$ cat my_file-v9.cif   # mmCIF, C-alpha atoms and all ligand atoms
data_structure
loop_
_atom_site.label_atom_id
_atom_site.label_comp_id
_atom_site.auth_asym_id
_atom_site.auth_seq_id
_atom_site.Cartn_x
_atom_site.Cartn_y
_atom_site.Cartn_z
CA MET A 182 214.70 -7.46 48.59
CA ASN A 183 212.76 -7.68 51.83
CA ARG A 184 214.80 -5.25 53.88
CA ILE A 185 216.54 -1.97 53.28
CA LEU A 186 220.30 -1.80 52.70
CA PRO A 187 220.61 -5.38 51.42
CA THR A 188 224.28 -6.36 51.64
CA SER A 189 226.30 -8.34 49.12
CA THR A 190 229.91 -8.70 47.98
CA ALA A 191 231.36 -7.67 44.62
CA GLY A 192 231.90 -11.36 43.93
CA SER A 193 235.01 -13.34 44.74
CA LEU A 194 236.10 -14.67 48.12
CA PRO A 195 239.37 -16.44 49.03
CA LYS A 196 239.55 -20.15 48.30
CA PRO A 197 240.45 -22.73 50.98
CA SER A 198 244.13 -23.72 50.86
CA TRP A 199 243.25 -27.35 50.04
CA LEU A 200 241.57 -26.18 46.82
CA ALA A 201 244.03 -23.60 45.49
CA GLU A 202 247.09 -21.76 46.71
CA PRO A 203 245.75 -18.87 48.81
CA GLU A 204 246.33 -15.11 48.42
CA LYS A 205 247.06 -15.39 44.72
CA LEU A 206 245.26 -14.63 41.46
CA TRP A 207 245.12 -17.38 38.76
CA SER A 208 246.14 -19.82 41.49
CA PRO A 209 246.33 -23.37 40.10
CA TRP A 210 243.95 -25.99 41.46
CA LYS A 211 245.35 -28.48 43.96
CA LEU A 212 242.82 -31.21 43.11
CA LYS A 213 242.02 -33.05 39.88
CA GLY A 214 239.07 -34.66 38.12
CA ASP A 215 236.14 -35.71 40.31
CA GLU A 216 237.93 -34.61 43.48
CA LEU A 217 238.23 -31.10 42.02
CA ALA A 218 234.56 -30.99 41.08
CA VAL A 219 233.53 -32.02 44.60
CA GLY A 220 236.12 -29.70 46.16
CA LYS A 221 234.80 -26.67 44.26
CA HIS A 222 231.27 -27.31 45.49
CA ASP A 223 232.46 -27.87 49.06
CA ALA A 224 234.32 -24.55 48.87
CA LEU A 225 231.19 -22.87 47.49
CA ARG A 226 229.25 -24.07 50.54
CA LEU A 227 231.92 -22.71 52.89
CA ALA A 228 231.89 -19.35 51.08
CA LEU A 229 228.13 -19.30 51.36
CA ASP A 230 228.32 -20.11 55.06
CA ASP A 231 230.78 -17.26 55.69
CA GLN A 232 228.34 -14.88 54.02
CA ARG A 233 225.39 -16.30 55.97
CA GLN A 234 227.23 -15.95 59.29
CA ALA A 235 228.10 -12.34 58.46
CA GLY A 236 224.45 -11.58 57.76
CA ILE A 237 225.00 -10.89 54.04
CA ASP A 238 221.61 -10.63 52.33
CA ILE A 239 222.27 -11.27 48.64
CA VAL A 240 224.68 -14.18 48.58
CA GLY A 241 226.99 -15.55 45.91
CA ASP A 242 229.28 -18.47 45.20
CA GLY A 243 232.39 -16.51 46.16
CA GLU A 244 233.60 -17.49 42.66
CA GLN A 245 234.95 -20.72 44.17
CA THR A 246 234.59 -22.69 40.94
CA ARG A 247 236.66 -20.37 38.77
CA GLN A 248 240.33 -19.65 38.61
CA HIS A 249 239.82 -16.10 37.36
CA PHE A 250 236.79 -13.88 36.83
CA VAL A 251 237.41 -13.40 33.10
CA THR A 252 239.55 -16.28 31.84
CA THR A 253 237.47 -19.10 33.29
CA PHE A 254 234.43 -17.92 31.32
CA ILE A 255 236.47 -17.59 28.13
CA GLU A 256 237.96 -21.10 28.60
CA HIS A 257 234.48 -22.50 27.99
CA LEU A 258 234.05 -20.76 24.62
CA SER A 259 235.07 -21.99 21.19
CA GLY A 260 237.12 -19.79 18.87
CA VAL A 261 239.77 -19.04 21.50
CA ASP A 262 243.08 -20.91 21.52
CA PHE A 263 244.58 -21.11 25.00
CA GLU A 264 247.80 -22.70 23.70
CA LYS A 265 248.47 -19.78 21.39
CA ARG A 266 249.42 -16.96 23.72
CA GLU A 267 250.43 -13.36 23.15
CA THR A 268 251.53 -10.73 25.63
CA VAL A 269 249.15 -7.78 25.83
CA ARG A 270 248.77 -4.83 28.15
CA ILE A 271 245.72 -5.32 30.41
CA ARG A 272 243.72 -2.11 30.92
CA ASN A 273 246.83 -0.13 29.95
CA ARG A 274 248.33 -1.22 33.25
CA TYR A 275 250.25 -4.49 33.25
CA ASP A 276 251.43 -7.09 30.74
CA ALA A 277 249.91 -10.54 30.74
CA SER A 278 250.19 -13.59 28.54
CA VAL A 279 246.72 -14.09 27.10
CA PRO A 280 245.01 -16.56 24.75
CA THR A 281 244.29 -15.78 21.11
CA VAL A 282 240.95 -15.44 19.31
CA VAL A 283 241.50 -17.65 16.26
CA GLY A 284 237.97 -18.02 14.87
CA ALA A 285 234.31 -17.12 15.41
CA VAL A 286 233.58 -17.17 19.14
CA ALA A 287 230.66 -19.24 20.46
CA ARG A 288 229.36 -20.85 23.63
CA PRO A 289 229.00 -24.55 22.82
CA LYS A 290 227.40 -25.27 26.20
CA PRO A 291 226.43 -23.47 29.42
CA VAL A 292 229.37 -22.28 31.52
CA PHE A 293 228.22 -21.60 35.09
CA VAL A 294 224.64 -22.86 35.01
CA ASP A 295 225.32 -26.10 36.94
CA ASP A 296 227.22 -24.15 39.61
CA ALA A 297 224.40 -21.60 39.89
CA THR A 298 221.85 -24.42 40.17
CA TYR A 299 223.98 -25.90 42.95
CA LEU A 300 224.13 -22.56 44.78
CA ARG A 301 220.37 -22.08 44.32
CA ALA A 302 219.75 -25.45 46.00
CA GLN A 303 221.81 -24.41 49.07
CA THR A 304 219.90 -21.31 50.08
CA SER A 305 216.55 -19.58 49.93
CA GLN A 306 218.22 -16.13 50.12
CA PRO A 307 218.45 -14.02 46.95
CA ILE A 308 221.50 -15.03 44.93
CA LYS A 309 223.77 -12.96 42.72
CA TRP A 310 225.94 -14.34 39.93
CA THR A 311 228.87 -12.51 38.35
CA LEU A 312 229.95 -12.63 34.72
CA PRO A 313 232.68 -10.64 32.99
CA GLY A 314 231.43 -7.76 30.86
CA PRO A 315 232.06 -7.70 27.10
CA MET A 316 234.62 -4.90 27.21
CA THR A 317 236.66 -6.44 30.01
CA MET A 318 236.62 -9.77 28.13
CA ILE A 319 238.10 -8.33 24.94
CA ASP A 320 240.78 -6.61 26.98
CA THR A 321 242.03 -9.97 28.27
CA LEU A 322 242.60 -11.52 24.81
CA TYR A 323 244.67 -11.19 21.68
CA ASP A 324 242.30 -10.98 18.70
CA ALA A 325 243.71 -12.50 15.50
CA HIS A 326 240.27 -13.11 13.95
CA TYR A 327 237.88 -10.12 14.13
CA ARG A 328 240.66 -7.58 14.49
CA SER A 329 238.11 -5.17 15.91
CA ARG A 330 237.57 -4.62 19.62
CA GLU A 331 234.01 -3.47 18.99
CA LYS A 332 233.07 -6.43 16.78
CA LEU A 333 234.44 -8.92 19.31
CA ALA A 334 232.61 -7.13 22.15
CA TRP A 335 229.27 -7.49 20.31
CA GLU A 336 229.96 -11.22 19.77
CA PHE A 337 230.70 -11.66 23.48
CA ALA A 338 227.57 -9.69 24.38
CA THR A 339 225.46 -12.20 22.46
CA ILE A 340 227.19 -15.11 24.22
CA LEU A 341 226.81 -13.44 27.64
CA ASN A 342 223.11 -12.94 26.95
CA GLN A 343 222.70 -16.69 26.30
CA GLU A 344 224.48 -17.49 29.57
CA ALA A 345 222.59 -14.81 31.54
CA LYS A 346 219.22 -16.13 30.35
CA ALA A 347 220.19 -19.64 31.43
CA LEU A 348 221.36 -18.34 34.83
CA GLU A 349 218.08 -16.50 35.28
CA ALA A 350 216.20 -19.73 34.46
CA ALA A 351 218.33 -21.48 37.11
CA GLY A 352 216.94 -19.08 39.71
CA VAL A 353 219.57 -16.34 39.90
CA ASP A 354 218.06 -13.11 41.24
CA VAL A 355 220.79 -10.65 40.28
CA ILE A 356 223.24 -11.00 37.39
CA GLN A 357 226.30 -8.77 37.66
CA PHE A 358 228.69 -7.94 34.84
CA ASP A 359 232.22 -6.92 35.84
CA GLU A 360 233.44 -4.01 33.74
CA PRO A 361 236.59 -2.53 35.33
CA ALA A 362 237.53 -1.63 31.73
CA PHE A 363 234.86 1.12 31.89
CA ASN A 364 237.18 2.99 34.25
CA VAL A 365 239.96 3.04 31.67
CA PHE A 366 238.54 3.17 28.13
CA PHE A 367 235.96 5.93 28.51
CA GLU A 368 235.55 6.72 24.84
CA GLU A 369 234.97 3.11 23.86
CA ALA A 370 232.67 2.60 26.84
CA ASN A 371 230.50 5.49 25.73
CA ASP A 372 230.68 4.66 22.01
CA TRP A 373 229.77 0.99 22.25
CA GLY A 374 230.76 -0.53 25.64
CA ILE A 375 227.56 0.37 27.44
CA ALA A 376 225.55 -0.63 24.34
CA THR A 377 227.15 -4.10 24.31
CA LEU A 378 226.35 -4.43 28.01
CA GLU A 379 222.70 -3.65 27.24
CA ARG A 380 222.81 -6.35 24.57
CA ALA A 381 224.07 -8.78 27.24
CA ILE A 382 221.02 -8.08 29.46
CA GLU A 383 218.44 -8.03 26.65
CA GLY A 384 215.22 -9.84 27.60
CA LEU A 385 216.22 -10.54 31.22
CA THR A 386 213.59 -10.07 33.92
CA CYS A 387 215.93 -10.59 36.90
CA GLU A 388 217.88 -7.65 38.27
CA THR A 389 221.07 -6.67 36.48
CA ALA A 390 224.18 -4.96 37.79
CA VAL A 391 227.44 -3.61 36.44
CA HIS A 392 230.51 -3.59 38.69
CA ILE A 393 233.07 -0.89 37.89
CA CYS A 394 236.06 -0.71 40.19
CA TYR A 395 239.74 0.11 40.46
CA GLY A 396 240.65 -3.56 40.58
CA TYR A 397 241.81 -6.19 43.01
CA GLY A 398 244.32 -5.12 45.64
CA ILE A 399 247.27 -6.40 43.59
CA LYS A 400 250.45 -4.38 43.10
CA ALA A 401 249.79 -3.39 39.45
CA ASN A 402 246.51 -1.82 40.56
CA THR A 403 247.75 -0.10 43.70
CA ASP A 404 250.67 1.33 41.68
CA TRP A 405 248.21 2.60 39.05
CA LYS A 406 246.02 4.20 41.72
CA LYS A 407 249.03 6.22 42.90
CA THR A 408 249.10 7.91 39.48
CA LEU A 409 245.46 8.98 39.55
CA GLY A 410 245.91 12.09 41.64
CA SER A 411 244.03 13.37 44.65
CA GLU A 412 240.55 12.88 43.18
CA TRP A 413 239.51 9.82 41.18
CA ARG A 414 236.91 11.18 38.77
CA GLN A 415 236.85 8.23 36.31
CA TYR A 416 233.19 7.45 37.04
CA GLU A 417 232.24 10.90 35.83
CA GLU A 418 232.99 9.77 32.25
CA THR A 419 230.55 6.87 32.05
CA PHE A 420 227.92 7.56 34.73
CA PRO A 421 225.77 9.91 32.60
CA ASN A 422 225.29 7.18 29.96
CA LEU A 423 224.93 4.43 32.56
CA GLN A 424 222.19 6.49 34.21
CA LYS A 425 220.28 6.36 30.92
CA SER A 426 220.99 2.65 30.38
CA LYS A 427 218.73 -0.28 31.22
CA ILE A 428 221.10 -1.62 33.90
CA ASP A 429 219.36 -1.72 37.31
CA ILE A 430 222.29 -1.59 39.74
CA ILE A 431 225.69 0.10 39.55
CA SER A 432 228.44 -1.28 41.78
CA LEU A 433 231.27 1.08 42.62
CA GLU A 434 234.34 1.54 44.79
CA CYS A 435 233.99 4.11 47.58
CA HIS A 436 235.60 3.11 50.86
CA ARG A 437 239.14 4.44 51.50
CA SER A 438 239.29 5.45 47.83
CA ARG A 439 239.68 8.92 46.37
CA VAL A 440 236.37 8.75 44.51
CA PRO A 441 234.38 11.92 45.29
CA LEU A 442 231.10 10.48 46.53
CA ASP A 443 229.05 13.27 44.95
CA LEU A 444 229.68 11.54 41.59
CA ILE A 445 226.96 9.10 42.70
CA GLU A 446 224.53 11.94 42.03
CA LEU A 447 225.16 11.31 38.30
CA ILE A 448 223.38 7.95 38.51
CA ARG A 449 220.43 9.20 40.57
CA GLY A 450 217.50 6.81 40.11
CA LYS A 451 219.69 3.71 39.84
CA LYS A 452 220.29 1.27 42.65
CA VAL A 453 223.86 1.68 43.86
CA MET A 454 226.07 -1.03 45.32
CA VAL A 455 228.33 1.12 47.47
CA GLY A 456 231.77 -0.35 48.16
CA ALA A 457 232.20 0.07 51.91
CA ILE A 458 235.04 -2.44 52.29
CA ASP A 459 238.58 -1.79 51.04
CA VAL A 460 239.96 -4.91 49.33
CA ALA A 461 243.46 -3.49 48.87
CA SER A 462 244.36 -3.67 52.56
CA ASP A 463 244.45 -6.36 55.23
CA ALA A 464 243.20 -3.90 57.83
CA ILE A 465 239.72 -5.02 58.81
CA GLU A 466 237.22 -2.18 58.90
CA THR A 467 235.25 -1.54 62.04
CA PRO A 468 231.46 -1.66 61.64
CA GLU A 469 231.44 2.08 62.46
CA GLU A 470 233.83 2.81 59.56
CA VAL A 471 231.52 0.92 57.20
CA ALA A 472 228.52 2.79 58.59
CA ASP A 473 230.32 6.09 58.06
CA THR A 474 230.88 5.37 54.34
CA LEU A 475 227.25 4.32 53.96
CA ARG A 476 226.02 7.49 55.69
CA LYS A 477 228.13 9.60 53.33
CA ALA A 478 226.74 7.74 50.30
CA LEU A 479 223.19 8.32 51.58
CA GLN A 480 223.58 11.99 50.70
CA PHE A 481 223.55 10.97 47.03
CA VAL A 482 221.49 7.80 46.86
CA ASP A 483 218.03 7.16 48.30
CA ALA A 484 218.01 4.67 51.17
CA ASP A 485 215.78 2.23 49.26
CA LYS A 486 218.39 2.11 46.49
CA LEU A 487 221.54 1.71 48.57
CA TYR A 488 223.13 -1.77 48.50
CA PRO A 489 226.16 -1.95 50.84
CA SER A 490 228.96 -4.00 49.30
CA THR A 491 232.73 -4.41 48.93
CA ASN A 492 234.94 -2.28 46.67
CA CYS A 493 235.89 -5.32 44.60
CA GLY A 494 236.40 -9.05 44.97
CA MET A 495 238.30 -10.41 47.98
CA ALA A 496 239.94 -13.42 46.26
CA PRO A 497 243.56 -12.32 46.92
CA LEU A 498 243.02 -11.76 50.67
CA SER A 499 243.48 -14.34 53.41
CA ARG A 500 240.30 -16.13 54.45
CA GLN A 501 240.56 -14.76 57.96
CA VAL A 502 240.80 -11.16 56.73
CA ALA A 503 237.98 -11.66 54.23
CA ARG A 504 235.78 -13.14 56.95
CA GLY A 505 236.51 -10.17 59.20
CA LYS A 506 235.62 -7.79 56.40
CA LEU A 507 232.38 -9.65 55.64
CA ASN A 508 231.40 -9.42 59.30
CA ALA A 509 232.19 -5.69 59.34
CA LEU A 510 230.03 -5.16 56.26
CA GLY A 511 227.08 -6.96 57.80
CA ALA A 512 227.46 -5.16 61.15
CA GLY A 513 228.05 -1.74 59.57
CA ALA A 514 224.94 -2.01 57.41
CA ASP A 515 223.01 -3.02 60.53
CA ILE A 516 224.04 0.18 62.31
CA VAL A 517 222.75 2.38 59.48
CA ARG A 518 219.64 0.26 59.02
CA ARG A 519 218.74 0.81 62.67
CA GLU A 520 219.32 4.55 62.32
CA LEU A 521 217.08 4.73 59.24
CA GLU A 522 214.35 2.67 60.84
CA GLY A 523 214.53 4.95 63.87
ZN ZN B 601 236.21 -5.15 40.98
#
$ encode --input "my_file-v9.cif" --output "structure tokens"
Amino acid sequence: MNRILPTSTAGSLPKPSWLAEPEKLWSPWKLKGDELAVGKHDALRLALDDQRQAGIDIVGDGEQTRQHFVTTFIEHLSGVDFEKRETVRIRNRYDASVPTVVGAVARPKPVFVDDATYLRAQTSQPIKWTLPGPMTMIDTLYDAHYRSREKLAWEFATILNQEAKALEAAGVDVIQFDEPAFNVFFEEANDWGIATLERAIEGLTCETAVHICYGYGIKANTDWKKTLGSEWRQYEETFPNLQKSKIDIISLECHRSRVPLDLIELIRGKKVMVGAIDVASDAIETPEEVADTLRKALQFVDADKLYPSTNCGMAPLSRQVARGKLNALGAGADIVRRELEG
């Protein structure tokens, strides 16, 4: 990146109301067929423009072409039956009706490569693309075939690696894997979760990131957070092994959270995407509030490795609030950048 404190978002941004019902996860599309295909790309350009206007450095598609960060990827795979649904508990937190793994999983064709190529053609700025991580994928399915969370995670890692290599070839600069499951299943993450993630990035030359958060600002997540006590020390469980892993960037939730920022010390040497925007509240941060979080993080991460970001995706927020938060992120990073450059 050509300047210090390069800003980016964790991934998703709200969709325009003509494309999907706003302020809702898994919101159904309002368009069909060719109109939907064109609409998704139009929305991608608007999301890109919002980022550009806010001065965001590493831009993304705002996940405008997918209904959900995990399920849309899985919909493109074979071996999963979306008609056959079972209710499972997602990250030990809330019940959801999920599709069933009925046979060997495979990726018959690229999933997001056309969308990434489209984004690449719209901008000369560095671009980041998000994919679900293997462990978070298995947690969103009922497995009637492998009957082993680990086995299925390794299969998904191989598939993700195929997709990541194709995204890199399409000109993606940073590939991010979303692994909120790392904040819940520590033992599995340390036993094989981080290893499957390394399998997913095998052979890549672009930068790689893992995003580990406390989830979207939906009720199931905010209720869960209330049970976590005065200090959220979940990162402490996986950071030592992530520090030793081949992942380049670690994306974490900091702003208005109860994460003790000194835990960042555990990943010293890694680039850190510091969440300086709260996605669980409509209150728009002031640039000074963002700057304050970044200054605090600077005690534990070197300035050349600090990447200001959002705590999580902003898909469930209103567009107006998300735009305000993007602007605050850009302006807050600017304040600290000026201080550092003296
Ligand atoms: Zn997140």
$ residues_near_point --input "my_file-v9.cif" --point "(231.0, 3.6, 54.6)" --cutoff "12 Å" --atoms "all atoms listed in the file" --output "VMD selection string"
chain A and resid 434 to 438 442 454 to 459 466 to 480 487 to 492 509 to 517
$ residues_near_ligand --input "my_file-v9.cif" --ligand "ligand ZN 601 (chain B)" --cutoff "6 Å" --atoms "only C-alpha atoms and all ligand atoms" --output "PDB file with C-alpha atoms, in the frame of the given file"
ATOM      1  CA  CYS A 394     236.060  -0.710  40.190  1.00  0.00           C
ATOM      2  CA  GLY A 396     240.650  -3.560  40.580  1.00  0.00           C
ATOM      3  CA  CYS A 493     235.890  -5.320  44.600  1.00  0.00           C
ATOM      4  CA  GLY A 494     236.400  -9.050  44.970  1.00  0.00           C
TER       5      GLY A 494
END
$ closest_residue --input "my_file-v9.cif" --among "A:His257, A:Glu446, A:Asn402, A:Gln357" --to "Ile428 in chain A" --atoms "only C-alpha atoms"
A:Gln357
$ atom_distance --input "my_file-v9.cif" --atom1 "CA of Gln245 in chain A" --atom2 "CA of Ile340 in chain A"
22.1 Å
$ residues_around --input "my_file-v9.cif" --residues "Gln415 in chain A" --least-positions-apart "6" --cutoff "12 Å" --atoms "only C-alpha atoms" --output "list in words"
Pro361, Ala362, Phe363, Asn364, Val365, Phe366, Phe367, Glu368, Ala370, Ile393, Cys394, Tyr395, Lys406, Leu409, Pro421, Leu433, Glu434, Arg439, Val440, Pro441, Leu442, Leu444 and Ile445 of chain A
$ residues_near_point --input "my_file-v9.cif" --point "(225.6, -25.4, 31.7)" --cutoff "12 Å" --atoms "all atoms listed in the file" --output "mmCIF file with C-alpha atoms, keeping the file's coordinate frame"
data_model
loop_
_atom_site.group_PDB
_atom_site.id
_atom_site.type_symbol
_atom_site.label_atom_id
_atom_site.label_comp_id
_atom_site.auth_asym_id
_atom_site.auth_seq_id
_atom_site.Cartn_x
_atom_site.Cartn_y
_atom_site.Cartn_z
ATOM 1 C CA PHE A 254 234.430 -17.920 31.320
ATOM 2 C CA HIS A 257 234.480 -22.500 27.990
ATOM 3 C CA LEU A 258 234.050 -20.760 24.620
ATOM 4 C CA ARG A 288 229.360 -20.850 23.630
ATOM 5 C CA PRO A 289 229.000 -24.550 22.820
ATOM 6 C CA LYS A 290 227.400 -25.270 26.200
ATOM 7 C CA PRO A 291 226.430 -23.470 29.420
ATOM 8 C CA VAL A 292 229.370 -22.280 31.520
ATOM 9 C CA PHE A 293 228.220 -21.600 35.090
ATOM 10 C CA VAL A 294 224.640 -22.860 35.010
ATOM 11 C CA ASP A 295 225.320 -26.100 36.940
ATOM 12 C CA ASP A 296 227.220 -24.150 39.610
ATOM 13 C CA ALA A 297 224.400 -21.600 39.890
ATOM 14 C CA THR A 298 221.850 -24.420 40.170
ATOM 15 C CA TYR A 299 223.980 -25.900 42.950
ATOM 16 C CA GLN A 343 222.700 -16.690 26.300
ATOM 17 C CA GLU A 344 224.480 -17.490 29.570
ATOM 18 C CA ALA A 345 222.590 -14.810 31.540
ATOM 19 C CA LYS A 346 219.220 -16.130 30.350
ATOM 20 C CA ALA A 347 220.190 -19.640 31.430
ATOM 21 C CA LEU A 348 221.360 -18.340 34.830
ATOM 22 C CA ALA A 350 216.200 -19.730 34.460
ATOM 23 C CA ALA A 351 218.330 -21.480 37.110
#
